[in-house]
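The file my_file.csv comes next; it holds CSV, C-alpha atoms.
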chain,number,residue,atom,x,y,z
B,1,MET,CA,-3.3,17.1,-3.3
B,2,ALA,CA,0.2,15.7,-3.3
B,3,PHE,CA,1.7,19.1,-3.8
B,4,TRP,CA,1.2,20.1,-0.2
B,5,PHE,CA,2.3,16.8,1.4
B,6,GLU,CA,5.9,18.0,1.6
B,7,ASP,CA,4.8,21.3,3.2
B,8,CYS,CA,3.1,19.3,6.0
B,9,GLY,CA,5.9,16.9,6.5
B,10,ILE,CA,4.1,13.9,5.0
B,11,LYS,CA,6.3,11.3,3.2
B,12,ASN,CA,5.0,10.4,-0.2
B,13,ILE,CA,5.9,7.0,-1.6
B,14,ALA,CA,4.7,6.5,-5.2
B,15,ILE,CA,4.1,2.9,-6.4
B,16,ALA,CA,3.3,3.1,-10.1
B,17,PRO,CA,4.5,1.5,-13.4
B,18,ASP,CA,4.9,4.8,-15.1
B,19,CYS,CA,7.1,7.7,-14.3
B,20,ASN,CA,4.2,10.1,-13.7
B,21,TYR,CA,4.1,13.6,-12.4
B,22,THR,CA,3.5,12.6,-8.8
B,23,ALA,CA,6.4,10.1,-8.9
B,24,VAL,CA,8.8,12.6,-10.5
B,25,VAL,CA,7.9,15.8,-8.8
B,26,HIS,CA,6.2,14.9,-5.4
B,27,ALA,CA,7.4,11.5,-4.3
B,28,ASP,CA,10.1,11.0,-1.8
B,29,LYS,CA,10.5,7.4,-3.2
B,30,TRP,CA,9.2,5.9,-6.4
B,31,PHE,CA,8.7,2.1,-6.7
B,32,PRO,CA,8.4,1.4,-10.5
B,33,VAL,CA,6.3,-1.8,-10.2
B,34,PHE,CA,5.8,-3.7,-13.4
B,35,PRO,CA,2.3,-3.2,-14.8
B,36,ASN,CA,-0.4,-5.4,-13.3
B,37,THR,CA,1.9,-6.9,-10.6
B,38,ASP,CA,0.8,-4.8,-7.6
B,39,ALA,CA,-0.7,-8.0,-6.0
B,40,ALA,CA,2.8,-9.7,-6.0
B,41,LEU,CA,4.3,-6.6,-4.2
B,42,GLN,CA,1.4,-6.6,-1.7
B,43,LEU,CA,1.7,-10.3,-1.0
B,44,ALA,CA,5.4,-9.9,-0.4
B,45,ILE,CA,4.8,-7.0,2.1
B,46,ALA,CA,2.3,-9.2,3.9
B,47,TYR,CA,4.9,-12.0,4.0
B,48,VAL,CA,7.5,-9.8,5.6
B,49,TRP,CA,5.0,-8.6,8.2
B,50,MET,CA,3.9,-12.2,9.0
B,51,THR,CA,7.5,-13.6,9.2
B,52,GLU,CA,8.8,-10.6,11.2
B,53,ASN,CA,5.6,-10.4,13.4
B,54,THR,CA,5.2,-6.7,12.6
B,55,TYR,CA,1.5,-6.5,12.1
B,56,ASP,CA,-1.3,-5.7,14.5
B,57,ARG,CA,-2.3,-9.2,15.7
B,58,GLU,CA,-4.8,-7.9,18.2
B,59,TYR,CA,-6.7,-6.0,15.5
B,60,ILE,CA,-6.7,-9.0,13.2
B,61,GLU,CA,-8.0,-11.3,16.0
B,62,THR,CA,-10.8,-8.8,16.9
B,63,HIS,CA,-11.7,-7.3,13.5
B,64,SER,CA,-11.3,-9.9,10.9
B,65,ASP,CA,-12.5,-13.3,9.8
B,66,GLY,CA,-10.5,-15.8,7.7
B,67,PHE,CA,-7.1,-14.3,8.2
B,68,ASP,CA,-5.7,-17.8,9.0
B,69,TRP,CA,-6.5,-18.7,5.3
B,70,PHE,CA,-4.8,-15.6,4.0
B,71,GLU,CA,-1.7,-16.4,6.2
B,72,TYR,CA,-1.7,-20.0,5.0
B,73,TYR,CA,-1.6,-18.9,1.4
B,74,VAL,CA,1.0,-16.1,1.9
B,75,LEU,CA,3.4,-18.4,3.7
B,76,GLY,CA,3.1,-20.9,0.8
B,77,ASN,CA,1.3,-23.7,2.6
B,78,GLU,CA,-1.4,-23.9,-0.1
B,79,ASP,CA,0.7,-24.0,-3.2
B,80,GLY,CA,4.2,-24.6,-1.9
B,81,VAL,CA,5.3,-21.1,-3.0
B,82,PRO,CA,5.9,-18.7,-0.2
B,83,LYS,CA,5.2,-15.1,-1.3
B,84,THR,CA,8.6,-13.8,-0.4
B,85,PRO,CA,10.1,-10.5,-1.6
B,86,GLU,CA,12.4,-12.6,-3.8
B,87,TRP,CA,9.3,-14.3,-5.3
B,88,ALA,CA,7.7,-10.9,-5.9
B,89,GLU,CA,10.9,-9.4,-7.4
B,90,GLU,CA,10.7,-11.8,-10.4
B,91,LYS,CA,7.1,-10.7,-11.0
B,92,CYS,CA,7.0,-7.0,-10.3
B,93,HIS,CA,10.6,-6.1,-11.0
B,94,VAL,CA,11.1,-4.3,-7.7
B,95,PRO,CA,14.3,-5.5,-6.0
B,96,ALA,CA,13.6,-7.7,-2.9
B,97,TYR,CA,15.6,-5.4,-0.7
B,98,ARG,CA,13.4,-2.5,-1.6
B,99,ILE,CA,10.2,-4.5,-1.0
B,100,LYS,CA,11.6,-5.5,2.5
B,101,ALA,CA,12.5,-1.8,3.2
B,102,LEU,CA,9.1,-0.7,2.2
B,103,ALA,CA,7.4,-3.3,4.3
B,104,ARG,CA,9.5,-2.5,7.4
B,105,TYR,CA,9.0,1.3,6.9
B,106,TRP,CA,5.3,0.8,6.7
B,107,ALA,CA,5.2,-1.5,9.8
B,108,LYS,CA,6.9,1.2,11.9
B,109,HIS,CA,5.0,4.3,10.7
B,110,ASN,CA,1.4,5.4,10.4
B,111,VAL,CA,0.7,4.9,6.8
B,112,SER,CA,-2.4,5.9,4.8
B,113,ILE,CA,-2.9,4.7,1.3
B,114,GLY,CA,-4.1,7.2,-1.3
B,115,HIS,CA,-4.8,6.3,-4.9
B,116,CYS,CA,-6.3,7.7,-8.0
B,117,ASN,CA,-8.2,5.9,-10.8
B,118,GLY,CA,-6.4,3.7,-13.2
B,119,GLY,CA,-3.5,1.2,-13.3
B,120,SER,CA,-4.0,-2.4,-12.5
B,121,TYR,CA,-7.1,-1.6,-10.4
B,122,ILE,CA,-9.1,-1.4,-13.6
B,123,ARG,CA,-7.1,-2.6,-16.6
B,124,SER,CA,-6.3,-6.3,-16.3
B,125,CYS,CA,-7.7,-9.7,-15.6
B,126,PHE,CA,-7.9,-10.2,-11.8
B,127,ALA,CA,-7.8,-6.4,-11.4
B,128,HIS,CA,-9.8,-6.7,-8.2
B,129,GLU,CA,-6.9,-8.5,-6.4
B,130,PRO,CA,-4.8,-5.4,-5.6
B,131,ALA,CA,-7.8,-3.7,-4.1
B,132,ARG,CA,-8.6,-6.8,-1.9
B,133,LEU,CA,-4.9,-7.0,-0.9
B,134,GLU,CA,-4.8,-3.3,-0.1
B,135,VAL,CA,-7.6,-3.8,2.4
B,136,ALA,CA,-5.8,-6.8,3.9
B,137,LEU,CA,-2.6,-4.8,4.4
B,138,LEU,CA,-4.5,-2.0,5.9
B,139,GLY,CA,-6.2,-4.4,8.3
B,140,MET,CA,-2.8,-5.9,9.2
B,141,GLN,CA,-1.8,-2.4,10.3
B,142,GLY,CA,-5.1,-1.7,12.3
B,143,LEU,CA,-7.3,0.1,9.8
B,144,GLY,CA,-8.8,3.2,11.4
B,145,LYS,CA,-6.1,3.8,13.9
B,146,PRO,CA,-4.6,7.2,13.6
B,147,GLY,CA,-2.8,7.3,10.2
B,148,ALA,CA,-3.9,3.8,9.1
B,149,ASN,CA,-6.5,4.8,6.5
B,150,GLN,CA,-7.4,4.6,2.8
B,151,PHE,CA,-8.4,7.7,0.9
B,152,LYS,CA,-8.9,8.6,-2.7
B,153,PHE,CA,-7.6,11.8,-4.2
B,154,ILE,CA,-8.3,13.3,-7.5
B,155,GLU,CA,-6.2,16.3,-8.6
B,156,TRP,CA,-8.6,17.7,-11.1
B,157,THR,CA,-12.1,19.2,-11.2
B,158,LEU,CA,-14.9,17.0,-12.5
B,159,TYR,CA,-18.0,18.7,-13.9
B,160,GLY,CA,-17.1,21.9,-12.2
B,161,MET,CA,-17.1,20.4,-8.7
B,162,GLN,CA,-14.1,20.1,-6.5
B,163,THR,CA,-13.4,16.4,-6.0
B,164,VAL,CA,-10.5,16.4,-3.6
B,165,THR,CA,-11.0,14.3,-0.5
B,166,PRO,CA,-9.4,15.7,2.6
B,167,LEU,CA,-6.5,13.8,4.2
B,168,PRO,CA,-7.6,11.6,7.1
B,169,PRO,CA,-6.3,12.6,10.6
B,170,SER,CA,-3.0,11.2,11.7
B,171,SER,CA,-0.9,11.7,14.8
B,172,GLU,CA,2.2,12.1,12.7
B,173,ILE,CA,0.9,14.8,10.4
B,174,PRO,CA,1.9,18.2,11.6
B,175,ASP,CA,-0.5,21.2,11.8
B,176,CYS,CA,-0.1,23.0,8.5
B,177,SER,CA,-2.9,25.5,9.0
B,178,PRO,CA,-2.0,29.1,8.3
B,179,ALA,CA,-1.0,31.1,11.4
Now that the file is in, can you turn its structure into structure tokens?
Amino acid sequence: MAFWFEDCGIKNIAIAPDCNYTAVVHADKWFPVFPNTDAALQLAIAYVWMTENTYDREYIETHSDGFDWFEYYVLGNEDGVPKTPEWAEEKCHVPAYRIKALARYWAKHNVSIGHCNGGSYIRSCFAHEPARLEVALLGMQGLGKPGANQFKFIEWTLYGMQTVTPLPPSSEIPDCSPA
């Protein structure tokens, strides 16, 4: 599916530990996160949004429960360790300035998350944490608003059935239908 993102004017930011086909050929930017450290990167993004007040507070107040505990943890009040981009840099090996740039870009644009099977989502202890944090980040950006979605794409055919999920609607995605 990533092959037509460029044709439609959709930015593709790849976050993956390996230099895979999508990261090399299709991505506008590639964040080579150290294996199994996606959660550190995600916590640092949440930290930037919380400290810069660039998340959808109204959505959080009306559509979530327990966000105050998440914020308490991210800001370091539980364990004395704020989950800053500098903290995450040591764990995921992505420079703090790139984490901040990613967080600020995401906060200013409609962003949908698309992912495939694999990576830390299935291959490590606490592998459920990146998925939980992905949902928290989407909630912080108002999940379900135009462009704030999660989708799964698979670029192959499984048992003879096409398994590509269509891209969710977004106000920033241009009409790429044939004339």
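You can rank B:Cys19, B:Cys125, B:Val24, B:Leu102 by their closest distance to Trp49 in chain B using only C-alpha atoms, and at the top of that list sits B:Leu102.
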Surrounding residues of Glu61 in chain B excluding itself and chain neighbours under 5 positions, 12 Å, all atoms listed in the file, as an MDAnalysis selection string: chainID B and resid 55:56 66:68 139:140 142
Computed interatomic separation between CA of Glu129 in chain B and CA of Phe70 in chain B (Å): 12.8 Å
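Taking CA of Ala39 in chain B as the reference point, CA of Thr54 in chain B is found at 19.6 Å.
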Residues within 10 Å of (-1.8, -8.7, -11.2), counting all atoms listed in the file, listed as a list in words: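 With a cut-off of 10 Å, the residues come to Phe34, Pro35, Asn36, Thr37, Asp38, Ala39, Ala40, Leu41, Lys91, Cys92, Ser120, Tyr121, Arg123, Ser124, Cys125, Phe126, Ala127, His128, Glu129 and Pro130 of chain B.
Coordinates place CA of Leu138 in chain B at a distance of 21.6 Å from CA of Gly9 in chain B.
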Show me the residues close to (12.2, 0.9, -6.6) - anything with an atom within 10 Å, counting all atoms listed in the file - and format the list as a CSV table (one decimal) with C-alpha atoms, in the coordinates of the input.
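Done, and the output landed in out_14.csv:
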chain,number,residue,atom,x,y,z
B,14,ALA,CA,4.7,6.5,-5.2
B,15,ILE,CA,4.1,2.9,-6.4
B,16,ALA,CA,3.3,3.1,-10.1
B,29,LYS,CA,10.5,7.4,-3.2
B,30,TRP,CA,9.2,5.9,-6.4
B,31,PHE,CA,8.7,2.1,-6.7
B,32,PRO,CA,8.4,1.4,-10.5
B,33,VAL,CA,6.3,-1.8,-10.2
B,93,HIS,CA,10.6,-6.1,-11.0
B,94,VAL,CA,11.1,-4.3,-7.7
B,95,PRO,CA,14.3,-5.5,-6.0
B,96,ALA,CA,13.6,-7.7,-2.9
B,97,TYR,CA,15.6,-5.4,-0.7
B,98,ARG,CA,13.4,-2.5,-1.6
B,99,ILE,CA,10.2,-4.5,-1.0
B,102,LEU,CA,9.1,-0.7,2.2
Shell of 10 Å around Ile45 in chain B, only C-alpha atoms, local chain residues under 3 positions omitted, as a list in words: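 Everything that qualifies: Ala39, Ala40, Leu41, Gln42, Val48, Trp49, Met50, Val74, Lys83, Thr84, Pro85, Ala88, Ile99, Lys100, Ala101, Leu102, Ala103, Arg104, Trp106, Ala107 and Leu137 of chain B.
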Residue nearest Glu134 in chain B among B:Thr62, B:Ser112, B:Thr51, B:Asn77 (counting only C-alpha atoms):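 Nearest candidate to Glu134 in chain B out of B:Thr62, B:Ser112, B:Thr51, B:Asn77: B:Ser112.
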